[in-house]
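Read the structure below first, then the notes.
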Amino acid sequence: MYTDLNRIMEIALKDILLSKGKEWLGIDINPSWIQFQPTRKGVRGDITLMVFPFAKALQLTPAEVAERIGKHVKSEVSFVADYEVIQGFLNFVFSKIFWSDQLISINQTDSFGISEPNSKHMVMVEYASPNTNKPLHLGHLRNIFLGYSVAQLKKAHGHQVIKTQVINDRGIHICKSMLAWHRYAPIQSNGERETPANSGLKGDKLVGKYYVEFEKHLQLEVKEVLSRWDAGDFSNTASVTVDKFQELNKALEGKDEKAQAAIYDKIKELAKNETEILRAAKDMLVRWEGRDPETYLLWSTMNGWVYDGFDVTYKRMGVDFDKLYYESDTFLLGKDQVMDGLARGVFYQKPDGSVWIDLTPDGLDEKLVLRADGTAVYMTQDIGTAIERFHDYPALSGIVYTVGNEQDYHFKVLFLILQKLGYTWAADCYHLSYGMVDLPSGKMKSREGTVVDADDLMEEVVNAATVMTQERGQIAELTEDERHNLFESIGMGGLKYYLLKVDPKKRMLFNPEESIDLTGNTGPFIQYTHARINSLLRKAGLIQFDKSALEIEAGEIELIKLLAAFPQTIAEASSNYSPAVLANYLFELTKAYNSFYQQSPILNEINPGLRAARILLSENVAKVLKSGLNILGINAPERM
RNA sequence: GGUCCCGUAGCUCAGCUGGAUAGAGCAACUGCCUUCUAAGCAGUAGGUCUUUGGUUCGAAUCCAAACGGGAUCACCA
């Protein structure tokens with residue numbers, strides 16, 4: 001088992017300072033003065049003690065204090081070989097033995113950096129959960145890679161993890177596609193309507209096509225309704241709607257452009273509800289809820305197409321799920337909890353029968369949790385689903401929701417409600433909120449056709465990787481199959497790394513050209529370095545060396561230090577729900593190794609002790625790179 | 001307007017709970033393949049960390065305000 005010597009040394013130094021401090025400095029040491037940090041890059045030393053707090057208390061200059069402490073520590077602590085005082089910072093230099101022992105310890109640890117499986121509590125990670133009316137796009141890619149990677153991170157950190165997604169298989173959106181398909185899908189020669197099987201179209205793409213079709217017809221009808229209204233023809237229109245329309249029309253006067261646009265949107269909304277096609281879709285939803293056999297069959301057929309399509313996409317992404325929650329099963333959940341909460345005074349009821357929660361004391365608004373007609377809203381469902389999950393998994397301690405930051409408010413409210421209902425685990429639920437992915441041309445908008453389709457993008461990225469790898473890869477010995485896998489690994493690795501390397505919380509820019517780059521801060525750069533080490537190790541296989549007689553120099557120490565930081569990097573990335581932390585670490589390690597590789601002969605080194613240390617070091621760098629990439633969901637090819 | 005998030009090099013991003021001279025990658029320029037994979041390495045150039053106050057030995061980091069960008073404020077999900 002690997003022991004983080006760094007950490008142990010820090011504790012040891014702290015103990016010595018506390019016990020001997022008075023003797024050395026003449027005053028009692030306040031533990032809060034003792035602040036260590038890794039020594040700054042480019043400065044000699046391994047760990048740095050801040051001496052400012054001491055200097056202040058002792059009324060001495062930092063340099064004087066540092067000198068006094070340094071002298072004593074050097075003479076009394078075996079692993080401190082030297083010390084240096086620069087600008088009031090006290091830098092301790094650890095002995096070479098210390099570092100070579102560290103390397104040996106890392107080497108002897110099988111899954112270095114990975115915590116004992118299931119040593120920490122169980123968490124559920126929800127991600128993906130797309131709507132079924134449209135194919136997956138770039139935004140989903142960020143969501144899915146992020147969620148999957150956080151699940152991997154939690155596992156590596158010792159948690160038991162349940163990966164889950166909610167299948168949004170009910171609601172008006174799927175009815176829209178169903179209706180449009182029923183009305184407009186061309187009849188094939190065999191008498192069937194268009195299906196994935198007879199058209200060769202991916203299921204999600206096909207259903208998405210009819211959703212668009214629906215929207216097209218809807219827009220046309222809206223136009224008709226509006227022009228009728230403008231002409232003063234309100235036949236077949238409810239008087240409430242007419243009043244509302246005229247009211248909004250009046251409100252237009254004297255408003256600026258922005259306010260007018262908002263009002264126009266509302267008018268459009270009114271007109272939408274007056275269209276035949278939307279009414280037909282709503283009827284369909286009612287029939288679905290009433291379990292009308294024909295509607296139900298169509299629904300399950302078309303849903304099936306979508307999931308078959310999504311499965312293909314997930315498979316290429318390399319992600320999976322342990323447990324699925326179907327909205328069609330869970331949409332009735334939560335009502336009981338709401339009624340129970342109502343009885344306990346957590347919620348209150350308005351005269352129309354709708355149920356609300358007043359969150360104004362918490363600085364939020366009043367929020368509807370159940371409609372007047374007793375049907376559930378989004379919030380009701382989420383309350384129910386969360387509770388259901390804790391029933392399904394009694395050992396569960398928290399849920400991570402990978403959902404875009406436009407829902408920050410929703411989750412804030414959800415967690416608060418759960419807490420008010422008395423569920424202590426609400427404190428361990430976390431909204432993994434990520435920023436939007438923008439394009440160089442701006443925001444993705446389906447209406448303007450600027451949405452980047454997930455399947456298309458993956459195809460493109462793999463194609464680009466194929467071209468580049470055929471050009472410069474060392475692939476002569478690979479079979480056709482192996483090549484195919486390699487291109488896939490490189491293309492997808494580049495894409496995943498590109499989306500994961502930035503802080504999830506932040507909005508990010510997706511530059512198509514950069515995403516297929518193979519140089520610089522990219523996935524393929526790390527993969528390449530891993531492959532190159534493997535090539536080296538294949539050749540080193542023949543060389544005998546003695547692992548107990550290692551010799552190391554400054555360059556090796558720098559790398560060992562980085563390797564030793566792997567476990568704490570995983571811990572940090574896991575607790576911050578940030579694969580980006582890990583990605584940046586891997587990049588640092590890769591850069592450091594490449595620099596080392598370029599200036600130090602490894603197999604060609606004549607000094608056997610040095611050569612042994614360098615081979616061992618290379619082996620462990622490769623080990624960490626592979627393990628780290630795996631957590632990011634990225635393959636680490638043996639050669640490329 | 002209320003609430004929340006963001007503002008670091010031409011561009012894209014790192015900078016952890018305050019610490020030394022603010023770092024990478026891309027783009028630009030200069031070098032390095034008859035030694036282990038050049039998808040690499042070494043170097044040059046590029047910064048009032050949006051602004052102004054405050055806290056402190058010490059601020060890109062913490063606090064406040066202003067400015068700029070975004071999200072959200074549905075009986076949609």
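Each chain in the structure tokens gets a letter, A, B and so on, in the order shown; residues start at 1 in every chain, and ligands are counted from 1 in the order they appear.
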Counting only C-alpha atoms (C1' of nucleotides), give me one row per residue of chain B with an atom at most 10 Å from an atom of chain A, showing the shortest contact pair and its distance in Å to one decimal, sorted by chain then residue number, as CSV.
```
residue,atom,partner,partner_atom,distance
B:G2,C1',A:Leu364,CA,9.7
B:U3,C1',A:Leu364,CA,7.8
B:C4,C1',A:Asp408,CA,7.7
B:C5,C1',A:Lys506,CA,8.3
B:C6,C1',A:Lys506,CA,7.3
B:U12,C1',A:Leu509,CA,7.5
B:C13,C1',A:Val502,CA,6.8
B:A14,C1',A:Asn584,CA,7.4
B:C16,C1',A:Glu572,CA,8.3
B:G19,C1',A:Met50,CA,7.8
B:A20,C1',A:Gln87,CA,7.1
B:A24,C1',A:Asn521,CA,8.0
B:G25,C1',A:Asn521,CA,5.2
B:C26,C1',A:Gly520,CA,7.8
B:U35,C1',A:Asn604,CA,7.1
B:C36,C1',A:Leu603,CA,5.9
B:U37,C1',A:Arg532,CA,5.5
B:A39,C1',A:Leu518,CA,5.7
B:G40,C1',A:Asn594,CA,7.0
B:C41,C1',A:Gln598,CA,5.9
B:A42,C1',A:Ser595,CA,9.1
B:C57,C1',A:Phe52,CA,7.0
B:G58,C1',A:Phe52,CA,9.3
B:G70,C1',A:Arg507,CA,8.7
B:A71,C1',A:Glu406,CA,5.5
B:U72,C1',A:Glu406,CA,6.5
B:C73,C1',A:Asp365,CA,8.7
B:C75,C1',A:Arg371,CA,5.4
B:C76,C1',A:Tyr378,CA,8.4
B:A77,C1',A:Tyr378,CA,6.4
```
Leaving out U30 (chain B) and any residue of its chain fewer than 4 positions from it, which residues lie within 12 Å of it when counting only C-alpha atoms (C1' of nucleotides), given as a PDB file with C-alpha atoms (C1' of nucleotides), in the first residue's frame?
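So the final result, stored in out.pdb, reads:
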```pdb
ATOM      1  C1'   A B  42      14.499  24.468 -26.053  1.00  0.00           C
ATOM      2  C1'   G B  43      13.917  29.660 -26.686  1.00  0.00           C
ATOM      3  C1'   U B  44      11.931  34.987 -28.166  1.00  0.00           C
ATOM      4  C1'   A B  45       7.817  38.162 -27.917  1.00  0.00           C
TER       5        A B  45
END
```
Could you work out how far CA of His157 (chain A) lies from CA of Met9 (chain A), giving the answer in Å with one decimal? 22.6 Å
Could you find all residues in region 198-426 of chain A that DSSP calls helix (DSSP H, G or I) from the backbone, and write them as a count of residues only? 148
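Scanning region 135-325 of chain A with DSSP on the backbone, the strand (DSSP E) assignments fall on His159, Gln160, Val161, Ile162, Lys163, Thr164, Gln165, Val166, Ile167, Lys323, Leu324 and Tyr325 of chain A.
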Would you compute the distance between CA of Trp24 (chain A) and CA of Gly45 (chain A)? Give it in Å to one decimal.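 If I compute the distance from CA of Trp24 (chain A) to CA of Gly45 (chain A), I get 22.1 Å.
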Excluding Arg483 (chain A) and residues on its chain fewer than 6 positions from it, collect all residues at most 12 Å away from it, counting only C-alpha atoms (C1' of nucleotides), and give them as a PyMOL selection string. chain A and resi 462+465-467+469-470+473-477+489-490+637-640
Test item: residues at most 12 Å from region 230-239 of chain A, only C-alpha atoms (C1' of nucleotides), excluding those fewer than 3 positions along its chain, as a VMD selection string: chain A and resid 223 to 227 242 to 246 249 267 270 to 276
Could you write out that same residue set with all heavy atoms as a short mmCIF file (atom, residue, chain, number, x, y, z; two decimals), in the first residue's frame?
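Resulting contents of part_29.cif:
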```cif
data_model
loop_
_atom_site.label_atom_id
_atom_site.label_comp_id
_atom_site.auth_asym_id
_atom_site.auth_seq_id
_atom_site.Cartn_x
_atom_site.Cartn_y
_atom_site.Cartn_z
N LYS A 223 -49.18 31.58 -37.64
CA LYS A 223 -49.23 32.72 -38.54
C LYS A 223 -50.66 32.99 -38.99
O LYS A 223 -51.12 34.13 -39.02
CB LYS A 223 -48.36 32.43 -39.77
CG LYS A 223 -47.10 33.28 -39.81
CD LYS A 223 -46.45 33.11 -41.16
CE LYS A 223 -45.11 33.80 -41.20
NZ LYS A 223 -44.30 33.33 -42.33
N GLU A 224 -51.32 31.90 -39.35
CA GLU A 224 -52.72 32.02 -39.81
C GLU A 224 -53.60 32.63 -38.73
O GLU A 224 -54.36 33.55 -38.98
CB GLU A 224 -53.28 30.63 -40.15
CG GLU A 224 -52.93 30.14 -41.54
CD GLU A 224 -53.35 28.68 -41.73
OE1 GLU A 224 -54.39 28.28 -41.14
OE2 GLU A 224 -52.63 27.97 -42.43
N VAL A 225 -53.45 32.09 -37.51
CA VAL A 225 -54.27 32.58 -36.41
C VAL A 225 -54.01 34.06 -36.17
O VAL A 225 -54.94 34.86 -36.04
CB VAL A 225 -53.97 31.78 -35.12
CG1 VAL A 225 -54.64 32.43 -33.92
CG2 VAL A 225 -54.43 30.34 -35.27
N LEU A 226 -52.73 34.42 -36.19
CA LEU A 226 -52.38 35.82 -35.93
C LEU A 226 -52.95 36.75 -36.99
O LEU A 226 -53.46 37.82 -36.68
CB LEU A 226 -50.85 35.98 -35.86
CG LEU A 226 -50.21 35.47 -34.56
CD1 LEU A 226 -48.71 35.56 -34.64
CD2 LEU A 226 -50.73 36.26 -33.36
N SER A 227 -52.88 36.32 -38.25
CA SER A 227 -53.38 37.23 -39.28
C SER A 227 -54.91 37.33 -39.21
O SER A 227 -55.48 38.38 -39.49
CB SER A 227 -52.91 36.78 -40.68
OG SER A 227 -53.37 35.48 -40.94
N VAL A 242 -59.45 36.31 -26.35
CA VAL A 242 -59.64 37.56 -27.09
C VAL A 242 -59.29 38.75 -26.20
O VAL A 242 -58.55 39.65 -26.60
CB VAL A 242 -61.09 37.68 -27.59
CG1 VAL A 242 -61.29 39.02 -28.30
CG2 VAL A 242 -61.43 36.54 -28.53
N ASP A 243 -59.80 38.71 -24.98
CA ASP A 243 -59.51 39.80 -24.04
C ASP A 243 -58.01 39.94 -23.81
O ASP A 243 -57.45 41.04 -23.85
CB ASP A 243 -60.19 39.53 -22.68
CG ASP A 243 -61.70 39.64 -22.81
OD1 ASP A 243 -62.17 40.14 -23.86
OD2 ASP A 243 -62.40 39.21 -21.88
N LYS A 244 -57.41 38.81 -23.60
CA LYS A 244 -55.98 38.79 -23.31
C LYS A 244 -55.20 39.36 -24.50
O LYS A 244 -54.26 40.14 -24.35
CB LYS A 244 -55.55 37.34 -23.04
CG LYS A 244 -54.15 37.18 -22.56
CD LYS A 244 -54.04 37.26 -21.04
CE LYS A 244 -52.58 37.47 -20.69
NZ LYS A 244 -52.24 37.66 -19.34
N PHE A 245 -55.61 38.96 -25.71
CA PHE A 245 -54.96 39.42 -26.93
C PHE A 245 -55.04 40.94 -27.04
O PHE A 245 -54.06 41.61 -27.31
CB PHE A 245 -55.61 38.75 -28.14
CG PHE A 245 -55.14 39.30 -29.46
CD1 PHE A 245 -53.85 39.04 -29.92
CD2 PHE A 245 -55.98 40.08 -30.25
CE1 PHE A 245 -53.42 39.54 -31.14
CE2 PHE A 245 -55.56 40.59 -31.47
CZ PHE A 245 -54.27 40.31 -31.92
N GLN A 246 -56.24 41.45 -26.80
CA GLN A 246 -56.41 42.89 -26.95
C GLN A 246 -55.65 43.66 -25.88
O GLN A 246 -55.08 44.72 -26.14
CB GLN A 246 -57.90 43.23 -26.93
CG GLN A 246 -58.50 42.93 -28.31
CD GLN A 246 -60.01 42.84 -28.32
OE1 GLN A 246 -60.64 42.81 -27.26
NE2 GLN A 246 -60.58 42.78 -29.50
N ASN A 249 -52.06 43.67 -26.94
CA ASN A 249 -51.90 44.59 -28.06
C ASN A 249 -51.79 46.03 -27.58
O ASN A 249 -50.98 46.80 -28.08
CB ASN A 249 -53.09 44.45 -29.02
CG ASN A 249 -52.64 43.82 -30.32
OD1 ASN A 249 -51.48 43.92 -30.70
ND2 ASN A 249 -53.57 43.16 -31.00
N ILE A 267 -48.03 36.97 -27.15
CA ILE A 267 -49.13 36.90 -28.11
C ILE A 267 -49.02 35.62 -28.93
O ILE A 267 -50.00 34.90 -29.15
CB ILE A 267 -49.11 38.13 -29.05
CG1 ILE A 267 -49.45 39.40 -28.24
CG2 ILE A 267 -50.08 37.96 -30.21
CD1 ILE A 267 -49.40 40.69 -29.04
N LEU A 270 -50.25 32.75 -27.05
CA LEU A 270 -51.71 32.71 -27.08
C LEU A 270 -52.19 32.03 -28.35
O LEU A 270 -53.06 31.15 -28.33
CB LEU A 270 -52.27 34.13 -27.07
CG LEU A 270 -52.57 34.82 -25.75
CD1 LEU A 270 -53.24 36.16 -26.04
CD2 LEU A 270 -53.47 33.96 -24.88
N ALA A 271 -51.61 32.47 -29.46
CA ALA A 271 -52.03 31.96 -30.75
C ALA A 271 -51.74 30.48 -30.88
O ALA A 271 -52.53 29.71 -31.44
CB ALA A 271 -51.34 32.74 -31.87
N LYS A 272 -50.59 30.06 -30.32
CA LYS A 272 -50.22 28.66 -30.36
C LYS A 272 -51.33 27.79 -29.80
O LYS A 272 -51.69 26.75 -30.36
CB LYS A 272 -48.96 28.44 -29.52
CG LYS A 272 -47.69 28.31 -30.32
CD LYS A 272 -46.55 27.91 -29.41
CE LYS A 272 -45.22 28.18 -30.08
NZ LYS A 272 -44.09 27.93 -29.18
N ASN A 273 -51.84 28.22 -28.66
CA ASN A 273 -52.87 27.44 -27.99
C ASN A 273 -54.17 27.38 -28.77
O ASN A 273 -55.05 26.61 -28.44
CB ASN A 273 -53.10 27.98 -26.58
CG ASN A 273 -51.93 27.66 -25.68
OD1 ASN A 273 -51.38 26.56 -25.73
ND2 ASN A 273 -51.52 28.63 -24.89
N GLU A 274 -54.29 28.24 -29.78
CA GLU A 274 -55.50 28.25 -30.59
C GLU A 274 -55.32 27.41 -31.86
O GLU A 274 -56.23 27.32 -32.68
CB GLU A 274 -55.86 29.69 -30.99
CG GLU A 274 -56.27 30.55 -29.82
CD GLU A 274 -57.52 30.01 -29.11
OE1 GLU A 274 -58.48 29.62 -29.78
OE2 GLU A 274 -57.51 29.97 -27.86
N THR A 275 -54.16 26.81 -32.04
CA THR A 275 -53.95 26.04 -33.27
C THR A 275 -54.52 24.64 -33.13
O THR A 275 -54.54 24.07 -32.03
CB THR A 275 -52.44 25.91 -33.61
OG1 THR A 275 -51.80 25.26 -32.51
CG2 THR A 275 -51.81 27.25 -33.86
N GLU A 276 -54.95 24.13 -34.26
CA GLU A 276 -55.53 22.78 -34.28
C GLU A 276 -54.47 21.75 -33.94
O GLU A 276 -54.70 20.81 -33.18
CB GLU A 276 -56.12 22.51 -35.67
CG GLU A 276 -56.81 21.17 -35.81
CD GLU A 276 -55.86 20.02 -36.12
OE1 GLU A 276 -54.79 20.29 -36.70
OE2 GLU A 276 -56.19 18.88 -35.75
#
```
